[in-house]
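Here is input37.csv, consisting of CSV, C-alpha atoms and all ligand atoms:
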chain,number,residue,atom,x,y,z
A,601,MET,CA,-20.6,-4.2,17.0
A,602,LYS,CA,-17.5,-3.1,19.1
A,603,THR,CA,-16.4,0.5,19.0
A,604,MET,CA,-13.9,1.5,16.4
A,605,ILE,CA,-10.9,3.7,17.5
A,606,PHE,CA,-8.2,5.3,15.3
A,607,GLY,CA,-5.3,7.1,17.1
A,608,SER,CA,-2.3,9.1,15.8
A,609,PRO,CA,0.4,11.5,16.9
A,610,GLY,CA,-0.7,15.2,17.0
A,611,ARG,CA,1.7,16.2,14.2
A,612,TYR,CA,4.2,14.5,12.0
A,613,PHE,CA,7.0,16.6,10.6
A,614,GLN,CA,9.4,15.2,7.9
A,615,GLY,CA,11.9,17.4,6.2
A,616,HIS,CA,15.4,18.9,6.0
A,617,GLY,CA,17.0,20.9,8.8
A,618,LEU,CA,14.3,20.3,11.3
A,619,LEU,CA,16.7,19.6,14.1
A,620,ASP,CA,18.0,23.2,13.9
A,621,ASN,CA,14.4,24.6,13.9
A,622,MET,CA,13.1,22.9,17.0
A,623,ASN,CA,11.9,26.1,18.7
A,624,GLU,CA,9.4,26.6,15.9
A,625,ILE,CA,8.1,23.1,16.3
A,626,LEU,CA,8.0,23.3,20.1
A,627,HIS,CA,6.4,26.8,20.2
A,628,PRO,CA,2.8,25.7,20.4
A,629,PHE,CA,3.5,23.8,23.6
A,630,ALA,CA,4.7,26.8,25.5
A,631,SER,CA,7.0,24.6,27.5
A,632,GLN,CA,9.3,26.0,30.2
A,633,ARG,CA,11.3,22.9,31.2
A,634,ILE,CA,12.4,20.7,28.4
A,635,ALA,CA,14.3,17.4,28.9
A,636,LEU,CA,16.1,15.5,26.2
A,637,ILE,CA,16.2,11.8,26.8
A,638,SER,CA,18.3,9.6,24.5
A,639,ASP,CA,20.8,6.8,24.5
A,640,SER,CA,24.4,7.6,25.5
A,641,PHE,CA,25.7,7.0,21.9
A,642,ILE,CA,23.8,9.7,20.0
A,643,GLY,CA,22.5,11.7,23.0
A,644,PRO,CA,25.6,14.0,23.5
A,645,LYS,CA,25.6,15.0,19.8
A,646,LEU,CA,21.9,15.9,19.9
A,647,GLU,CA,22.4,17.8,23.2
A,648,ASP,CA,25.1,20.0,21.5
A,649,ARG,CA,22.5,20.9,18.8
A,650,LEU,CA,19.5,21.4,21.0
A,651,ARG,CA,20.8,23.0,24.2
A,652,PRO,CA,21.7,26.5,22.6
A,653,GLN,CA,18.4,26.6,20.7
A,654,ILE,CA,16.2,25.8,23.7
A,655,LEU,CA,18.1,28.2,26.0
A,656,ALA,CA,17.7,30.9,23.3
A,657,GLY,CA,14.0,30.3,23.4
A,658,ASN,CA,14.0,31.1,27.1
A,659,ALA,CA,13.2,27.6,28.3
A,660,LYS,CA,15.2,25.5,30.8
A,661,PHE,CA,17.0,22.5,29.4
A,662,ALA,CA,18.2,19.2,30.9
A,663,ALA,CA,19.6,16.1,29.1
A,664,HIS,CA,19.9,12.5,30.4
A,665,PHE,CA,21.0,9.4,28.5
A,666,LEU,CA,20.3,5.7,28.8
A,667,ASP,CA,23.1,3.1,28.9
A,668,GLY,CA,22.2,-0.4,27.9
A,669,ASP,CA,18.6,-1.7,27.8
A,670,LEU,CA,15.5,0.1,29.0
A,671,THR,CA,14.9,-1.9,32.2
A,672,TYR,CA,12.7,-0.8,35.1
A,673,ALA,CA,15.9,0.0,37.0
A,674,ALA,CA,17.1,2.2,34.2
A,675,ILE,CA,13.7,4.1,34.1
A,676,ALA,CA,13.9,4.7,37.9
A,677,LYS,CA,17.4,6.2,37.4
A,678,LEU,CA,16.3,8.6,34.6
A,679,VAL,CA,13.3,9.6,36.6
A,680,ALA,CA,15.4,10.2,39.8
A,681,ALA,CA,17.8,12.4,37.8
A,682,LEU,CA,14.9,14.6,36.7
A,683,GLU,CA,13.0,14.7,40.0
A,684,ASP,CA,14.1,18.3,40.8
A,685,PHE,CA,13.9,19.6,37.2
A,686,LYS,CA,10.3,18.4,36.7
A,687,PRO,CA,10.1,18.6,32.9
A,688,ASP,CA,6.9,19.7,31.3
A,689,LEU,CA,8.0,18.5,27.8
A,690,VAL,CA,10.3,15.5,26.9
A,691,ILE,CA,12.1,15.2,23.6
A,692,ALA,CA,12.6,11.4,23.2
A,693,ALA,CA,15.4,10.9,20.7
A,694,GLY,CA,17.4,8.2,19.0
A,695,GLY,CA,16.6,4.7,17.7
A,696,GLY,CA,13.9,2.6,19.4
A,697,ARG,CA,15.8,2.5,22.8
A,698,GLY,CA,16.3,6.2,23.2
A,699,ILE,CA,12.7,6.9,22.1
A,700,ASP,CA,11.2,4.3,24.5
A,701,ALA,CA,13.4,5.7,27.3
A,702,GLY,CA,11.9,9.2,26.6
A,703,LYS,CA,8.4,7.8,26.5
A,704,SER,CA,8.9,6.2,30.0
A,705,VAL,CA,10.0,9.5,31.4
A,706,ALA,CA,7.2,11.5,29.8
A,707,LYS,CA,4.7,8.9,31.3
A,708,HIS,CA,6.2,9.3,34.8
A,709,PHE,CA,6.0,13.2,34.7
A,710,ASP,CA,2.8,13.3,32.6
A,711,THR,CA,4.5,15.7,30.1
A,712,ARG,CA,4.1,16.7,26.5
A,713,LEU,CA,6.1,14.4,24.3
A,714,VAL,CA,8.1,15.1,21.1
A,715,THR,CA,9.9,12.1,19.4
A,716,LEU,CA,13.0,12.7,17.4
A,717,PRO,CA,14.1,9.6,15.6
A,718,THR,CA,17.8,9.4,14.4
A,719,ALA,CA,17.2,6.3,12.1
A,720,ALA,CA,14.2,4.8,10.4
A,721,SER,CA,14.7,1.6,12.3
A,722,THR,CA,11.4,1.3,14.1
A,723,ASP,CA,7.8,2.7,14.2
A,724,SER,CA,8.1,3.6,17.9
A,725,PRO,CA,8.3,7.4,17.2
A,726,THR,CA,4.6,7.6,16.3
A,727,SER,CA,3.1,5.2,18.8
A,728,LYS,CA,2.0,5.4,22.4
A,729,ASN,CA,3.6,2.1,23.6
A,730,PHE,CA,7.1,1.3,24.7
A,731,VAL,CA,9.0,-1.9,25.4
A,732,ILE,CA,10.8,-2.8,28.6
A,733,TYR,CA,13.5,-5.4,28.9
A,734,ASP,CA,14.8,-7.4,31.8
A,735,GLU,CA,18.5,-7.8,32.8
A,736,GLN,CA,18.8,-10.8,30.4
A,737,HIS,CA,17.7,-8.7,27.4
A,738,GLN,CA,14.3,-10.5,27.3
A,739,MET,CA,11.1,-8.5,26.8
A,740,ALA,CA,9.7,-7.8,30.2
A,741,GLY,CA,6.6,-5.9,29.3
A,742,VAL,CA,4.9,-3.4,27.0
A,743,GLU,CA,3.7,-0.2,28.6
A,744,HIS,CA,1.3,2.5,27.2
A,745,LEU,CA,1.2,6.2,27.4
A,746,PRO,CA,-2.2,7.8,27.9
A,747,ARG,CA,-1.7,9.7,24.6
A,748,ASN,CA,0.3,9.4,21.4
A,749,PRO,CA,3.3,11.7,21.0
A,750,ASP,CA,2.3,15.4,20.5
A,751,ALA,CA,4.8,15.7,17.6
A,752,VAL,CA,7.1,13.4,15.6
A,753,VAL,CA,10.1,15.2,14.1
A,754,VAL,CA,11.9,13.3,11.3
A,755,SER,CA,14.9,15.5,10.3
A,756,LEU,CA,16.0,13.8,7.1
A,757,ASP,CA,19.5,15.3,6.9
A,758,MET,CA,20.3,13.4,10.1
A,759,LEU,CA,18.5,10.1,9.1
A,760,CYS,CA,20.3,9.8,5.8
A,761,GLN,CA,23.6,9.5,7.7
A,762,ALA,CA,22.4,6.4,9.6
A,763,PRO,CA,23.7,3.0,8.6
A,764,ALA,CA,21.6,1.1,6.0
A,765,ASP,CA,21.1,-1.8,8.3
A,766,LEU,CA,19.1,0.3,10.7
A,767,MET,CA,16.7,1.2,7.8
A,768,ARG,CA,16.6,-2.6,6.9
A,769,PHE,CA,15.4,-3.4,10.5
A,770,GLY,CA,12.6,-0.9,10.1
A,771,ILE,CA,11.6,-2.4,6.7
A,772,GLY,CA,11.4,-5.8,8.3
A,773,ASP,CA,9.1,-4.4,11.0
A,774,ALA,CA,7.0,-2.5,8.5
A,775,ILE,CA,6.5,-4.9,5.7
A,776,SER,CA,4.3,-7.3,7.9
A,777,LYS,CA,1.8,-4.6,8.8
A,778,LYS,CA,-0.5,-5.1,5.9
A,779,PHE,CA,-0.9,-8.8,6.6
A,780,GLU,CA,-1.3,-8.3,10.3
A,781,ALA,CA,-3.9,-5.5,9.9
A,782,ARG,CA,-5.7,-7.6,7.3
A,783,GLN,CA,-6.1,-10.5,9.8
A,784,CYS,CA,-7.2,-8.2,12.6
A,785,PHE,CA,-9.8,-6.5,10.3
A,786,LYS,CA,-11.1,-9.9,9.1
A,787,VAL,CA,-11.9,-11.1,12.6
A,788,SER,CA,-12.9,-7.7,14.0
A,789,GLY,CA,-10.1,-8.1,16.5
A,790,ASN,CA,-8.5,-5.6,18.9
A,791,ASN,CA,-6.0,-3.0,17.8
A,792,MET,CA,-3.6,-1.4,20.2
A,793,PHE,CA,-6.5,0.8,21.6
A,794,GLY,CA,-8.4,-2.4,22.5
A,795,ALA,CA,-10.9,-1.5,19.8
A,796,ARG,CA,-12.1,-2.5,16.4
A,797,PRO,CA,-9.8,-1.4,13.5
A,798,SER,CA,-11.0,1.1,11.0
A,799,ARG,CA,-10.8,1.0,7.2
A,800,ALA,CA,-8.5,4.0,7.4
A,801,ALA,CA,-5.9,1.9,9.3
A,802,LEU,CA,-6.3,-1.0,6.8
A,803,ALA,CA,-5.7,1.4,3.9
A,804,LEU,CA,-2.6,2.9,5.5
A,805,SER,CA,-1.2,-0.6,6.0
A,806,GLU,CA,-1.6,-1.2,2.3
A,807,ILE,CA,0.1,2.0,1.3
A,808,CYS,CA,2.9,1.1,3.7
A,809,PHE,CA,3.4,-2.2,1.9
A,810,ASP,CA,3.2,-0.7,-1.6
A,811,THR,CA,5.7,2.1,-0.7
A,812,LEU,CA,8.2,-0.5,0.5
A,813,ILE,CA,7.8,-2.7,-2.5
A,814,CYS,CA,8.3,0.3,-4.8
A,815,TYR,CA,11.2,2.1,-2.9
A,816,ALA,CA,12.9,-0.1,-0.3
A,817,GLU,CA,15.7,-1.5,-2.6
A,818,ASP,CA,16.6,2.0,-3.9
A,819,ALA,CA,16.4,3.5,-0.4
A,820,LEU,CA,18.8,0.9,1.0
A,821,ALA,CA,21.2,1.6,-1.9
A,822,THR,CA,21.8,5.2,-0.7
A,823,ALA,CA,21.1,4.8,3.0
A,824,GLY,CA,24.1,5.9,5.1
A,825,THR,CA,25.7,8.0,2.3
A,826,GLY,CA,24.2,11.3,3.3
A,827,GLN,CA,22.1,11.4,0.1
A,828,CYS,CA,18.4,12.0,0.6
A,829,THR,CA,16.6,10.6,-2.5
A,830,GLU,CA,12.9,10.4,-3.1
A,831,ALA,CA,13.1,6.6,-2.4
A,832,PHE,CA,14.8,7.3,1.0
A,833,GLU,CA,12.2,9.8,2.0
A,834,ALA,CA,9.4,7.5,1.0
A,835,VAL,CA,10.8,4.6,3.1
A,836,CYS,CA,11.2,6.9,6.1
A,837,GLU,CA,7.6,7.7,5.9
A,838,ALA,CA,6.6,4.0,5.4
A,839,ASN,CA,8.8,2.7,8.3
A,840,MET,CA,7.7,5.4,10.8
A,841,LEU,CA,4.4,7.1,10.0
A,842,LEU,CA,2.6,4.5,7.9
A,843,ALA,CA,3.8,1.4,9.8
A,844,GLY,CA,3.1,3.1,13.1
A,845,LEU,CA,-0.5,4.1,12.3
A,846,ALA,CA,-1.1,0.7,10.6
A,847,PHE,CA,-0.1,-1.4,13.6
A,848,GLU,CA,-1.5,0.8,16.3
A,849,SER,CA,-4.9,1.4,14.8
A,850,GLY,CA,-5.0,-1.7,12.5
A,851,GLY,CA,-3.8,-4.3,15.0
A,852,LEU,CA,-1.1,-6.9,15.1
A,853,SER,CA,-1.3,-10.7,14.4
A,854,VAL,CA,0.9,-13.8,14.3
A,855,ALA,CA,4.0,-12.1,12.8
A,856,HIS,CA,4.4,-9.9,15.9
A,857,GLY,CA,2.9,-12.4,18.4
A,858,LEU,CA,5.8,-14.8,17.5
A,859,SER,CA,8.4,-12.6,19.3
A,860,ARG,CA,6.8,-13.5,22.6
A,861,GLY,CA,8.2,-17.1,22.4
A,862,LEU,CA,10.8,-17.0,19.7
A,863,ALA,CA,13.3,-15.7,22.2
A,864,LEU,CA,13.6,-19.2,23.7
A,865,TYR,CA,15.2,-20.4,20.4
A,866,PRO,CA,19.0,-20.2,20.7
A,867,GLY,CA,20.4,-17.2,18.8
A,868,VAL,CA,17.2,-15.2,18.7
A,869,VAL,CA,17.6,-12.9,21.8
A,870,ASP,CA,20.1,-10.6,20.2
A,871,THR,CA,18.5,-10.4,16.8
A,872,PRO,CA,16.8,-7.1,15.9
A,873,HIS,CA,13.0,-6.8,16.3
A,874,GLY,CA,12.6,-6.2,12.6
A,875,TYR,CA,14.4,-9.4,11.7
A,876,GLN,CA,12.2,-11.4,14.0
A,877,VAL,CA,9.1,-9.9,12.4
A,878,SER,CA,10.4,-10.6,8.9
A,879,PHE,CA,10.7,-14.3,9.9
A,880,GLY,CA,7.4,-14.0,11.7
A,881,LEU,CA,5.7,-12.8,8.6
A,882,MET,CA,6.8,-16.0,6.7
A,883,VAL,CA,5.4,-18.1,9.6
A,884,GLN,CA,2.1,-16.2,9.5
A,885,LEU,CA,1.7,-16.5,5.8
A,886,SER,CA,2.5,-20.3,6.0
A,887,LEU,CA,-0.4,-20.6,8.4
A,888,GLU,CA,-2.9,-18.5,6.5
A,889,ARG,CA,-5.5,-20.5,4.5
A,890,GLU,CA,-4.9,-18.4,1.4
A,891,GLY,CA,-1.3,-17.2,2.1
A,892,ALA,CA,0.5,-19.2,-0.6
A,893,ALA,CA,0.8,-16.5,-3.3
A,894,ASP,CA,1.9,-13.9,-0.7
A,895,TYR,CA,4.4,-16.4,0.8
A,896,LYS,CA,6.0,-17.0,-2.6
A,897,PHE,CA,6.2,-13.2,-3.4
A,898,LEU,CA,7.6,-12.3,0.1
A,899,TRP,CA,10.1,-15.2,0.0
A,900,ASN,CA,11.7,-13.6,-3.1
A,901,TRP,CA,11.3,-10.0,-2.0
A,902,LEU,CA,12.7,-10.4,1.5
A,903,GLY,CA,15.6,-12.4,0.1
A,904,LYS,CA,16.4,-9.5,-2.3
A,905,ILE,CA,16.2,-6.9,0.5
A,906,GLY,CA,18.4,-9.0,2.8
A,907,LEU,CA,15.8,-9.8,5.4
A,908,PRO,CA,15.7,-13.2,7.1
A,909,ARG,CA,13.0,-15.7,6.1
A,910,THR,CA,14.1,-18.9,7.9
A,911,LEU,CA,15.5,-19.7,11.4
A,912,LYS,CA,18.9,-20.2,9.9
A,913,GLU,CA,18.9,-16.8,8.1
A,914,LEU,CA,17.8,-15.3,11.5
A,915,GLY,CA,21.0,-16.9,13.0
A,916,ALA,CA,18.9,-19.1,15.2
A,917,SER,CA,18.7,-22.9,15.7
A,918,LEU,CA,16.1,-25.4,17.0
A,919,PRO,CA,16.0,-26.0,20.7
A,920,ASP,CA,14.8,-29.5,22.0
A,921,GLU,CA,11.2,-30.4,21.6
A,922,ASP,CA,10.1,-29.4,25.1
A,923,VAL,CA,11.4,-25.9,24.6
A,924,GLN,CA,9.8,-25.6,21.1
A,925,LYS,CA,6.5,-26.5,22.8
A,926,GLN,CA,7.0,-24.1,25.6
A,927,ALA,CA,7.8,-21.3,23.1
A,928,ALA,CA,4.7,-22.1,21.1
A,929,ASN,CA,2.5,-21.9,24.2
A,930,GLN,CA,4.1,-18.5,25.1
A,931,ILE,CA,3.3,-17.3,21.5
A,932,LEU,CA,-0.3,-18.6,21.8
A,933,SER,CA,-0.7,-16.5,25.0
A,934,SER,CA,0.0,-13.3,23.1
A,935,PRO,CA,-3.1,-11.2,22.5
A,936,HIS,CA,-2.1,-10.7,18.9
A,937,LEU,CA,-2.8,-14.4,18.2
A,938,GLN,CA,-6.5,-13.6,18.7
A,939,ASN,CA,-6.3,-11.5,15.6
A,940,PHE,CA,-6.1,-14.5,13.2
A,941,GLU,CA,-8.6,-16.2,10.9
A,942,ARG,CA,-8.6,-19.4,13.1
A,943,LYS,CA,-7.5,-20.7,16.5
A,944,LEU,CA,-4.0,-22.1,16.2
A,945,THR,CA,-2.6,-25.1,18.1
A,946,ALA,CA,0.9,-25.3,19.7
A,947,ASP,CA,1.8,-28.1,17.2
A,948,GLU,CA,0.9,-26.0,14.2
A,949,ILE,CA,3.2,-23.2,15.5
A,950,VAL,CA,6.1,-25.5,16.3
A,951,ASN,CA,5.8,-27.0,12.8
A,952,ALA,CA,5.4,-23.7,11.0
A,953,ILE,CA,8.5,-22.3,12.7
A,954,ARG,CA,10.5,-25.4,11.8
A,955,ASN,CA,9.3,-25.8,8.2
A,956,ILE,CA,9.7,-22.4,6.6
A,957,SER,CA,11.6,-23.1,3.4
A,958,ALA,CA,11.7,-22.0,-0.3
A,959,PRO,CA,8.3,-22.3,-2.0
B,1,ZN,ZN,7.1,-4.1,15.6
Take the structure in the file and write it out as C-alpha cells.
Ligand SMILES: [Zn+2]
Amino acid sequence: MKTMIFGSPGRYFQGHGLLDNMNEILHPFASQRIALISDSFIGPKLEDRLRPQILAGNAKFAAHFLDGDLTYAAIAKLVAALEDFKPDLVIAAGGGRGIDAGKSVAKHFDTRLVTLPTAASTDSPTSKNFVIYDEQHQMAGVEHLPRNPDAVVVSLDMLCQAPADLMRFGIGDAISKKFEARQCFKVSGNNMFGARPSRAALALSEICFDTLICYAEDALATAGTGQCTEAFEAVCEANMLLAGLAFESGGLSVAHGLSRGLALYPGVVDTPHGYQVSFGLMVQLSLEREGAADYKFLWNWLGKIGLPRTLKELGASLPDEDVQKQAANQILSSPHLQNFERKLTADEIVNAIRNISAP
C-alpha cells in the first residue's frame, strides 16, 4: 500500500479585526524583514494598515504589487525589487493572484509565509501550490512550495466588504471537492503530495460540501454589504480552509482536470476558475457510473446559486471537432484524470462536455 500524507497550514485564524492585530500573529516567527506582496488594486490599502504596525513592532517592511497576471516575467520583477531587502517573511495578500504572487516570492527567498485573503474567492490561501500564466492568460504551470503557509489570516471585517461574485467563484471551486476526493479515495490515487489520501481529507471534503449546501445561499445574500452573518463565516471557512485541505490532501479528479483543455473552447479563457470547476463538476458527474442522483441534485443547486452548469452558461461555445479532440487529449494528460473510477477516452470527454443538459 502506498504511503498516506495529510498536509495543512501551520495555523488558520478566522475572526474580526485580525488585520489590525498582525504583530500578535507574526510574533512567533520573530521576523526582522517582512515583505507584503499583493496585487496593485488592493495592495496599497493593505500597505496603509500594515506598515505602521510592522514598524512599531521593530521589523523592517517592504511592499510590492503585481500588475496583471502572475507570469514568470512578473515573478522575476517582484524578486528583483526585493533582492536587497531579502525578506525573511512574506505576507501574501489579496485574491488568488496576489496570494500566488506572494507564494512565488516566498519560494524564491525561502521565507516564512503568511497568507491574508481579502475575498473568499479561492482556496489558495491554505495550499502550497500556485498557478503561473503565460502572456495569453493561459495556464503555464503549477508550482509548489516546500511547505504550506505558516499561517492563514482571514480577517472577516475585510472579507464581508468584498463583492458577492468573488464568494460565488470560491463556492464553485469548493463544491466539487467532495466528488473529486471521493474518486481519488476510491482508486487510491495521488493527492497533491503525491501520496494516498486519508480518511481525514475525505471527511473534510464532505463537511465542506454540507456547509455550502446549508449556508451558501444565505451567505451570498449578505456578501458585500459589510454584514458578517453566521452563514457568511461558515462559507468563508468552507471556501478556504475546508476546500483547501480537501483538495490538497484528498486529491483532485475530472472536475479540475478539465480546465487543462477547456481553455481551447472559445469564451473560456477569461472565465473565473470557480466557474470552470462548477461546469467541470457536471461533466464529472455525467461520466460517473453512479453519478445520476448527484447530477440531478447539483443541476438544481448550482442553478439556484448562479453557478454555470453548461458551456452556454459558462459563456463558451463549441470549437470545431479537431479542437474539441485536441482539448480532450490535453484534459486526458492531466494527472487528476488518473483519480477516476475508470480510464476515460477522448470521445467520452468530447461528448460529455457537449451534452451537459437538464436531467
Ligand atoms: Zn480549484
For A:Tyr895: contacts at 7 Å, all atoms listed in the file, fewer than 2 positions along chain excluded, given as a PDB file with C-alpha atoms, in the coordinates of the input:
ATOM      1  CA  MET A 882       6.800 -16.000   6.700  1.00  0.00           C
ATOM      2  CA  LEU A 885       1.700 -16.500   5.800  1.00  0.00           C
ATOM      3  CA  SER A 886       2.500 -20.300   6.000  1.00  0.00           C
ATOM      4  CA  GLY A 891      -1.300 -17.200   2.100  1.00  0.00           C
ATOM      5  CA  ALA A 892       0.500 -19.200  -0.600  1.00  0.00           C
ATOM      6  CA  ALA A 893       0.800 -16.500  -3.300  1.00  0.00           C
ATOM      7  CA  PHE A 897       6.200 -13.200  -3.400  1.00  0.00           C
ATOM      8  CA  LEU A 898       7.600 -12.300   0.100  1.00  0.00           C
ATOM      9  CA  TRP A 899      10.100 -15.200   0.000  1.00  0.00           C
TER      10      TRP A 899
END
Spatial neighbours of stretch 930-940 of chain A, max dist 7 Å, only C-alpha atoms, sep filter under 5 positions, as a count of residues only: 11
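If you look at atom CA of A:Ser608 and atom CA of A:Met739, they are 24.7 Å away from each other.
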Considering all atoms listed in the file, give me a table of residues in chain A that are at most 10 Å from ligand ZN 1 (chain B), with the closest atom pair and distance in Å for each, as a tab-separated table.
residue	atom	partner	partner_atom	distance
A:Thr722	CA	B:ZN1	ZN	7.1
A:Asp723	CA	B:ZN1	ZN	7.0
A:Ser724	CA	B:ZN1	ZN	8.1
A:Phe769	CA	B:ZN1	ZN	9.8
A:Gly770	CA	B:ZN1	ZN	8.4
A:Gly772	CA	B:ZN1	ZN	8.6
A:Asp773	CA	B:ZN1	ZN	5.0
A:Ala774	CA	B:ZN1	ZN	7.3
A:Ile775	CA	B:ZN1	ZN	10.0
A:Ser776	CA	B:ZN1	ZN	8.8
A:Lys777	CA	B:ZN1	ZN	8.6
A:Ala843	CA	B:ZN1	ZN	8.6
A:Gly844	CA	B:ZN1	ZN	8.6
A:Phe847	CA	B:ZN1	ZN	7.9
A:Glu848	CA	B:ZN1	ZN	9.9
A:Leu852	CA	B:ZN1	ZN	8.7
A:Ala855	CA	B:ZN1	ZN	9.0
A:His856	CA	B:ZN1	ZN	6.4
A:Gly857	CA	B:ZN1	ZN	9.7
A:Ser859	CA	B:ZN1	ZN	9.4
A:His873	CA	B:ZN1	ZN	6.5
A:Gly874	CA	B:ZN1	ZN	6.6
A:Tyr875	CA	B:ZN1	ZN	9.8
A:Gln876	CA	B:ZN1	ZN	9.0
A:Val877	CA	B:ZN1	ZN	6.9
A:Ser878	CA	B:ZN1	ZN	9.9
Would you work out the distance separating atom CA of A:Lys904 from atom CA of A:Phe779, expressed in Å to one decimal?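 Rounded to one decimal, the two atoms are 19.5 Å apart.
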Minimum-distance residue to A:Asn790, chosen among A:Ala701, A:Leu845, A:Asp922, A:Gly850 (using only C-alpha atoms):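 Closest to A:Asn790 of all the choices is A:Gly850.
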Contacts of stretch 745-749 of chain A within 9 Å, all atoms listed in the file, excl. fewer than 4 positions in-chain, as a list of chain:residue names: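 That gives A:Gly607, A:Ser608, A:Pro609, A:Gly610, A:Arg611, A:Lys703, A:Ser704, A:Ala706, A:Lys707, A:Asp710, A:Arg712, A:Leu713, A:Val714, A:Thr715, A:Pro725, A:Thr726, A:Ser727, A:Lys728, A:Asn729, A:Phe730.
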From the options A:Asp648, A:Asp870, A:Tyr865, A:Lys943, which residue's atoms come nearest to A:Asp920, counting all atoms listed in the file? A:Tyr865
Interatomic distance between atom CA of A:Leu716 and atom CA of A:Ile634?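 Atom-to-atom, atom CA of A:Leu716 to atom CA of A:Ile634, that is 13.6 Å.
Minimum atom-to-atom distance to A:Arg909, evaluated using all atoms listed in the file, belongs to A:Ser957 out of A:Asn951, A:Gln926, A:Thr945, A:Ser957.
Using only C-alpha atoms, the residues found no farther than 10 Å from stretch 655-659 of chain A, other than those of its own chain fewer than 3 positions away, are Met622, Asn623, Glu624, Leu626, His627, Ala630, Ser631, Gln632, Arg633, Ile634, Leu650, Arg651 and Pro652 of chain A.
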For stretch 791-805 of chain A, list every protein, DNA or RNA residue within 6 Å, evaluated using all atoms listed in the file, and leave out those in the same chain fewer than 3 positions away; present the list as a PyMOL selection string. chain A and resi 603-605+777-778+781+788+808+842+846+848-851
A:Pro717, A:Val731, A:Gly698, A:Ile905 ranked by distance to A:Tyr815, top pick (using only C-alpha atoms):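 Counting only C-alpha atoms, the residue closest to A:Tyr815 is A:Ile905.
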Protein/DNA/RNA residues near (23.7, -16.6, 16.5), cut 12 Å, only C-alpha atoms, as a list in words: Ala863, Tyr865, Pro866, Gly867, Val868, Val869, Asp870, Thr871, Pro872, Leu911, Lys912, Glu913, Leu914, Gly915, Ala916, Ser917 and Leu918 of chain A
Find the residues of stretch 722-774 of chain A that sit at most 8 Å from stretch 832-837 of chain A; for each, write down the nearest two atoms and how far apart they are in Å, to one decimal. Count all atoms listed in the file. Sort by chain, then by number going up, and give it as JSON lines.
{"residue": "A:Leu756", "atom": "CA", "partner": "A:Glu833", "partner_atom": "CA", "distance": 7.5}
{"residue": "A:Cys760", "atom": "CA", "partner": "A:Phe832", "partner_atom": "CA", "distance": 7.7}
{"residue": "A:Ile771", "atom": "CA", "partner": "A:Val835", "partner_atom": "CA", "distance": 7.9}
